[in-house]
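What follows is work.cif (mmCIF, C-alpha atoms).
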data_my_file
#
loop_
_atom_site.label_atom_id
_atom_site.label_comp_id
_atom_site.auth_asym_id
_atom_site.auth_seq_id
_atom_site.Cartn_x
_atom_site.Cartn_y
_atom_site.Cartn_z
CA MET N 1 -20.07 48.98 12.90
CA LEU N 2 -21.10 51.93 14.99
CA PHE N 3 -21.85 53.85 11.85
CA LEU N 4 -24.03 51.01 10.60
CA MET N 5 -25.96 50.95 13.86
CA TRP N 6 -26.39 54.67 13.63
CA CYS N 7 -27.73 54.32 10.09
CA VAL N 8 -30.24 51.64 11.06
CA ARG N 9 -31.37 53.68 14.04
CA ARG N 10 -31.75 56.77 11.96
CA CYS N 11 -33.80 54.87 9.40
CA THR N 12 -36.06 53.36 12.03
CA PHE N 13 -36.51 56.82 13.50
CA GLN N 14 -37.37 58.16 10.07
CA ILE N 15 -39.91 55.41 9.58
CA THR N 16 -41.74 56.31 12.78
CA VAL N 17 -41.88 59.92 11.60
CA VAL N 18 -42.93 58.79 8.15
CA ARG N 19 -45.70 56.60 9.58
CA LYS N 20 -47.19 59.48 11.53
CA GLU N 21 -47.20 61.68 8.48
CA MET N 22 -48.62 58.87 6.36
CA ASN N 23 -51.81 58.70 8.33
CA MET N 24 -52.69 62.07 6.90
CA ASN N 25 -52.89 60.83 3.36
CA MET N 26 -53.29 57.14 3.11
CA ASN N 27 -54.43 56.96 -0.46
CA GLU N 28 -51.25 58.04 -2.21
CA GLU N 29 -49.42 55.10 -3.80
CA PHE N 30 -46.12 56.98 -3.99
CA GLN N 31 -45.08 59.49 -1.41
CA ILE N 32 -41.90 61.34 -0.66
CA ILE N 33 -41.50 62.04 3.00
CA GLN N 34 -38.28 63.77 3.97
CA SER N 35 -35.79 62.00 1.71
CA CYS N 36 -37.58 58.63 1.65
CA LEU N 37 -39.70 57.31 -1.16
CA MET N 38 -42.56 55.34 0.30
CA ILE N 39 -44.17 52.88 -2.11
CA ARG N 40 -47.46 51.36 -1.08
CA MET N 41 -47.45 48.00 -2.82
CA PRO N 42 -50.74 46.95 -4.48
CA LYS N 43 -52.99 44.12 -3.30
CA GLU N 44 -51.58 41.79 -5.93
CA VAL N 45 -47.94 42.20 -6.93
CA ASP N 46 -47.63 40.33 -10.23
CA HIS N 47 -46.08 41.02 -13.64
CA HIS N 48 -49.19 42.96 -14.72
CA HIS N 49 -48.84 45.51 -11.90
CA ALA N 50 -45.03 45.35 -11.71
CA VAL N 51 -44.48 47.12 -15.03
CA ARG N 52 -46.37 50.26 -13.99
CA LEU N 53 -44.93 50.17 -10.47
CA LYS N 54 -41.35 50.06 -11.79
CA ASN N 55 -41.80 52.90 -14.25
CA THR N 56 -43.40 55.24 -11.73
CA ALA N 57 -40.89 54.40 -9.00
CA ASP N 58 -37.98 55.10 -11.35
CA LYS N 59 -39.39 58.50 -12.27
CA TYR N 60 -39.35 59.39 -8.58
CA ILE N 61 -35.88 57.94 -7.96
CA GLU N 62 -34.28 59.57 -10.99
CA GLY N 63 -35.92 62.93 -10.67
CA LYS N 64 -35.40 63.61 -6.99
CA ASP N 65 -32.69 63.50 -4.44
CA LEU N 66 -33.77 60.42 -2.51
CA SER N 67 -31.82 58.57 0.11
CA HIS N 68 -34.05 55.59 0.88
CA VAL N 69 -36.87 53.53 -0.55
CA ILE N 70 -39.48 51.93 1.71
CA PHE N 71 -41.82 49.26 0.40
CA ASP N 72 -45.06 49.07 2.35
CA PHE N 73 -46.80 45.69 2.06
CA GLU N 74 -49.81 46.50 4.24
CA GLN N 75 -52.33 45.89 1.44
CA THR N 76 -50.46 43.06 -0.27
CA GLU N 77 -52.18 39.68 -0.31
CA PHE N 78 -50.34 38.13 -3.22
CA MET N 79 -46.81 38.41 -4.59
CA ASP N 80 -44.88 36.31 -7.10
CA SER N 81 -41.34 36.56 -8.49
CA SER N 82 -42.26 39.72 -10.41
CA GLY N 83 -42.27 41.47 -7.04
CA ILE N 84 -38.69 40.30 -6.45
CA GLY N 85 -37.74 41.94 -9.76
CA VAL N 86 -39.35 45.23 -8.71
CA ILE N 87 -37.56 45.29 -5.35
CA MET N 88 -34.18 44.13 -6.73
CA GLY N 89 -34.27 46.72 -9.52
CA ARG N 90 -34.95 49.57 -7.05
CA TYR N 91 -32.35 48.12 -4.69
CA LYS N 92 -29.66 48.29 -7.38
CA LYS N 93 -30.61 51.85 -8.30
CA ILE N 94 -30.79 53.24 -4.78
CA THR N 95 -27.69 51.49 -3.44
CA THR N 96 -25.54 52.96 -6.23
CA LEU N 97 -26.79 56.33 -4.99
CA GLY N 98 -25.78 55.33 -1.47
CA GLY N 99 -29.28 54.69 -0.13
CA LYS N 100 -31.07 51.84 1.58
CA VAL N 101 -34.15 49.76 0.85
CA MET N 102 -36.51 48.69 3.60
CA ALA N 103 -39.77 46.76 3.83
CA ILE N 104 -42.56 47.40 6.32
CA HIS N 105 -45.85 45.67 7.19
CA VAL N 106 -44.43 42.40 5.90
CA ASN N 107 -47.03 39.64 6.36
CA ASP N 108 -46.44 35.87 6.41
CA ARG N 109 -46.98 35.46 2.68
CA VAL N 110 -44.56 38.19 1.64
CA ARG N 111 -42.07 36.96 4.24
CA ARG N 112 -42.19 33.48 2.70
CA ILE N 113 -41.46 34.93 -0.75
CA PHE N 114 -38.61 36.98 0.75
CA ARG N 115 -37.10 33.91 2.40
CA ILE N 116 -37.35 31.61 -0.60
CA SER N 117 -35.77 34.20 -2.89
CA GLY N 118 -33.10 35.18 -0.34
CA LEU N 119 -34.27 38.78 -0.46
CA HIS N 120 -34.39 38.94 3.36
CA LYS N 121 -30.59 38.87 3.34
CA ILE N 122 -30.26 42.21 1.57
CA ILE N 123 -33.49 44.07 2.36
CA LYS N 124 -34.09 45.12 5.92
CA ILE N 125 -37.52 44.11 7.18
CA VAL N 126 -38.59 46.66 9.79
CA GLU N 127 -40.87 45.00 12.34
CA GLU N 128 -43.76 46.71 14.07
CA MET K 1 -61.66 12.86 -10.22
CA ASN K 2 -62.65 16.41 -11.10
CA GLN K 3 -61.21 18.31 -14.03
CA MET K 4 -61.45 21.53 -16.02
CA ASN K 5 -59.89 23.23 -19.06
CA ILE K 6 -59.82 26.85 -20.09
CA GLU K 7 -58.09 28.89 -22.75
CA PHE K 8 -57.34 32.57 -22.51
CA SER K 9 -55.35 35.24 -24.38
CA SER K 10 -51.78 35.97 -23.37
CA LYS K 11 -52.63 39.33 -21.80
CA SER K 12 -51.01 40.26 -18.52
CA ALA K 13 -54.43 41.12 -17.06
CA ASN K 14 -55.27 37.41 -17.34
CA GLU K 15 -52.60 36.44 -14.79
CA SER K 16 -54.95 37.27 -11.95
CA PHE K 17 -57.80 35.53 -13.78
CA ALA K 18 -55.78 32.28 -13.92
CA ARG K 19 -54.98 32.55 -10.21
CA ILE K 20 -58.61 33.08 -9.27
CA VAL K 21 -59.68 30.10 -11.40
CA VAL K 22 -57.24 27.71 -9.74
CA ALA K 23 -58.07 29.00 -6.24
CA ALA K 24 -61.80 28.55 -6.87
CA PHE K 25 -61.41 25.10 -8.40
CA MET K 26 -59.32 23.76 -5.53
CA ALA K 27 -61.60 25.19 -2.83
CA GLY K 28 -63.37 21.83 -2.50
CA MET K 29 -60.13 20.16 -1.43
CA ASN K 30 -60.30 22.06 1.83
CA PRO K 31 -56.82 23.55 1.51
CA THR K 32 -55.12 25.86 3.99
CA MET K 33 -54.59 29.51 3.07
CA GLU K 34 -50.91 28.78 2.58
CA GLU K 35 -51.58 25.89 0.21
CA VAL K 36 -53.90 28.04 -1.91
CA SER K 37 -51.31 30.83 -2.02
CA ASP K 38 -48.55 28.39 -2.97
CA VAL K 39 -50.54 26.98 -5.89
CA LYS K 40 -51.60 30.47 -6.99
CA THR K 41 -47.98 31.63 -6.99
CA ALA K 42 -46.85 28.63 -9.07
CA VAL K 43 -49.67 29.18 -11.60
CA SER K 44 -48.89 32.88 -11.76
CA GLU K 45 -45.24 32.14 -12.55
CA ALA K 46 -46.11 29.67 -15.32
CA VAL K 47 -48.71 31.94 -16.93
CA THR K 48 -46.36 34.95 -16.72
CA ASN K 49 -43.66 32.89 -18.45
CA ALA K 50 -46.03 32.03 -21.28
CA ILE K 51 -46.99 35.69 -21.69
CA ILE K 52 -43.58 37.36 -21.59
CA HIS K 53 -41.42 34.62 -23.08
CA GLY K 54 -43.66 32.31 -25.13
CA TYR K 55 -45.74 35.06 -26.69
CA SER K 56 -43.36 37.98 -26.44
CA LYS K 57 -43.71 38.82 -30.13
CA GLU K 58 -47.34 38.10 -30.81
CA GLU K 59 -50.35 37.34 -28.68
CA GLY K 60 -51.55 33.76 -28.49
CA MET K 61 -53.66 31.43 -26.40
CA ILE K 62 -52.69 29.82 -23.11
CA ARG K 63 -54.37 26.61 -21.99
CA LEU K 64 -54.83 25.89 -18.31
CA SER K 65 -55.97 22.39 -17.33
CA ILE K 66 -56.51 21.29 -13.77
CA ARG K 67 -57.22 17.80 -12.47
CA ILE K 68 -58.03 16.92 -8.91
CA ILE K 69 -57.47 13.27 -8.03
CA GLU K 70 -58.28 12.62 -4.38
CA ASP K 71 -55.89 14.82 -2.40
CA GLU K 72 -53.66 15.76 -5.32
CA ILE K 73 -53.97 18.70 -7.68
CA GLU K 74 -52.37 18.44 -11.13
CA ILE K 75 -51.94 21.57 -13.18
CA GLN K 76 -50.96 21.72 -16.83
CA ILE K 77 -50.14 25.03 -18.52
CA ASP K 78 -49.50 24.95 -22.27
CA ASP K 79 -48.61 27.59 -24.82
CA GLU K 80 -47.77 27.41 -28.50
CA GLY K 81 -45.22 30.19 -28.35
CA VAL K 82 -41.54 30.34 -29.21
CA GLY K 83 -40.48 27.55 -26.82
CA ILE K 84 -37.30 27.31 -24.79
CA GLU K 85 -34.04 26.45 -26.55
CA ASP K 86 -31.94 25.64 -23.52
CA LEU K 87 -34.17 24.30 -20.77
CA ASN K 88 -31.36 23.73 -18.26
CA MET K 89 -30.23 27.31 -18.62
CA ALA K 90 -33.82 28.60 -18.30
CA MET K 91 -34.35 26.64 -15.11
CA THR K 92 -31.17 27.92 -13.45
CA PRO K 93 -32.19 30.19 -10.56
CA LEU K 94 -31.50 33.88 -11.23
CA TYR K 95 -31.02 33.30 -14.96
CA THR K 96 -33.37 35.40 -17.09
CA SER K 97 -33.58 35.88 -20.84
CA ARG K 98 -35.39 39.16 -20.28
CA PRO K 99 -33.15 41.36 -18.12
CA ASP K 100 -34.77 44.29 -19.96
CA LEU K 101 -38.00 43.53 -18.09
CA GLU K 102 -36.11 43.22 -14.79
CA ARG K 103 -37.27 39.67 -14.29
CA SER K 104 -35.71 38.09 -11.23
CA GLY K 105 -35.05 34.71 -12.84
CA MET K 106 -36.84 32.98 -9.99
CA GLY K 107 -39.91 31.73 -11.86
CA PHE K 108 -39.03 28.03 -12.17
CA ALA K 109 -37.40 28.06 -8.72
CA PHE K 110 -40.69 29.31 -7.26
CA MET K 111 -42.72 26.65 -9.10
CA GLN K 112 -40.33 24.04 -7.73
CA ALA K 113 -40.45 25.43 -4.19
CA PHE K 114 -44.23 25.77 -3.99
CA MET K 115 -45.26 22.53 -5.71
CA ASP K 116 -44.24 18.92 -5.01
CA GLU K 117 -43.50 18.06 -8.61
CA LEU K 118 -42.53 20.09 -11.68
CA ASP K 119 -42.01 18.84 -15.20
CA VAL K 120 -41.23 21.15 -18.10
CA THR K 121 -41.07 20.12 -21.74
CA SER K 122 -40.39 22.55 -24.52
CA GLU K 123 -39.36 22.66 -28.13
CA ALA K 124 -38.06 25.75 -29.91
CA GLY K 125 -40.77 27.10 -32.20
CA LYS K 126 -43.47 24.74 -30.91
CA GLY K 127 -44.28 25.92 -27.39
CA THR K 128 -43.86 25.01 -23.75
CA HIS K 129 -45.71 22.58 -21.51
CA ILE K 130 -45.54 22.85 -17.75
CA PHE K 131 -46.90 20.14 -15.49
CA MET K 132 -47.10 20.63 -11.74
CA LYS K 133 -48.47 18.52 -8.94
CA LYS K 134 -49.14 19.14 -5.27
CA ARG K 135 -50.60 17.09 -2.48
CA ILE K 136 -53.08 19.10 -0.42
CA GLY K 137 -53.77 18.63 3.28
CA TYR K 138 -50.32 17.61 4.42
CA GLU K 139 -48.75 20.99 5.05
CA GLY K 140 -47.21 21.05 8.49
CA SER K 141 -48.31 17.58 9.49
CA LEU K 142 -45.98 15.59 7.28
CA LEU K 143 -42.25 16.01 7.72
CA PRO K 144 -42.20 19.59 8.99
CA GLN K 145 -38.42 19.61 8.67
CA PHE K 146 -38.78 19.03 4.94
CA HIS K 147 -40.89 22.16 4.59
CA ASN K 148 -38.23 24.13 6.42
CA LEU K 149 -35.64 22.77 4.04
CA LYS K 150 -37.65 23.95 1.08
CA GLU K 151 -37.72 27.46 2.47
CA GLU K 152 -33.95 27.56 2.73
CA VAL K 153 -33.54 27.00 -1.02
#

Take the structure in the file and write it out as structure tokens.
Amino acid sequence: MLFLMWCVRRCTFQITVVRKEMNMNMNEEFQIIQSCLMIRMPKEVDHHHAVRLKNTADKYIEGKDLSHVIFDFEQTEFMDSSGIGVIMGRYKKITTLGGKVMAIHVNDRVRRIFRISGLHKIIKIVEE
Amino acid sequence: MNQMNIEFSSKSANESFARIVVAAFMAGMNPTMEEVSDVKTAVSEAVTNAIIHGYSKEEGMIRLSIRIIEDEIEIQIDDEGVGIEDLNMAMTPLYTSRPDLERSGMGFAFMQAFMDELDVTSEAGKGTHIFMKKRIGYEGSLLPQFHNLKEEV
């Protein structure tokens, strides 16, 4: 339990560091900061965009020694079940490597999709 | 009553086109942002199904028909693709026939959750027809506890 709390704390700490560094280059869709892969989700997360997103994310995950994946939904206005597939797929990959998946800047729409699909039970939503 | 029909190719780029069409057409119903997003999500799921399942082998045409009758929107999405052999299986949440594409298997569950009514008919080799209906303007005012229930699904 204590270990878990320590993990969550460490991750939240990392996110604050990551956020500060992110401000320097906002345009990158994929960024590795420390050992976290930060994925800036597109405006519309549907099947059309999901295919490219998955392939690029996997290249990063497989090629590098990553501990966590953070999905940033700041720009996202629309998401359907294809987005669930993208997150679940990365979740399976990174948890077998012992990492965690987190979501930040989760708006009402994305939160609704998370709740209906049950994703909120396995992905930690980090609040502002 | 107000109605429209369009046909478009089963290209994934057309998913956003279908969403924009339905959002624009229902604008006159004075929907809330959430209602528009719900309908867009349901349409996106149905069109994606037609593209990746119905026309997985060869490209075809998808027909989108929308009817607005007073405060209800009726949406029909038809394809002439491969059809669904076992509809019950296909509609089971988390079941997907395309694990290779990392589909979540939540498509029909989303259509059900975001619309009031969903009716799917399909025949192997002939295509799939999806009919959905939603009443607009009642979100939050009518039976709020029912909406909460839906979210727990």

- [ ] Rank K:Asp78, K:Glu45, K:Glu35, K:Glu58 by their smallest atom-to-atom distance to chain N, using only C-alpha atoms, and report the top residue only.
- [x]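 Using only C-alpha atoms, the shortest distance to chain N belongs to K:Glu45.
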
TODO: Tell me the residues of chain K close to chain N, meaning within 9 Å using only C-alpha atoms, as a VMD selection string.
DONE: chain K and resid 11 to 16 34 37 40 to 42 44 to 45 48 101 to 107 109 to 110 113 150 to 153

Task: Output check: residues returned by the PyMOL selection byres ((chain N and resi 69) around 7), as a list of chain:residue names - done: N:Cys36, N:Leu37, N:Met38, N:His68, N:Ile70, N:Phe71, N:Lys100, N:Val101, N:Met102

Open item on the list: From the options K:Gly28, K:Ser10, K:Val43, K:His129, which residue's atoms come nearest to Gly60 (chain K), counting only C-alpha atoms?
Closed with: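 Smallest separation from Gly60 (chain K) among the options: K:Ser10.
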
TODO: Could you expand the PyMOL selection byres ((chain N and resi 39) around 10) into the explicit residues it covers here, written as a ChimeraX atom specification?
DONE: /N:28-32,36-38,40-42,53,56-57,69-73,103
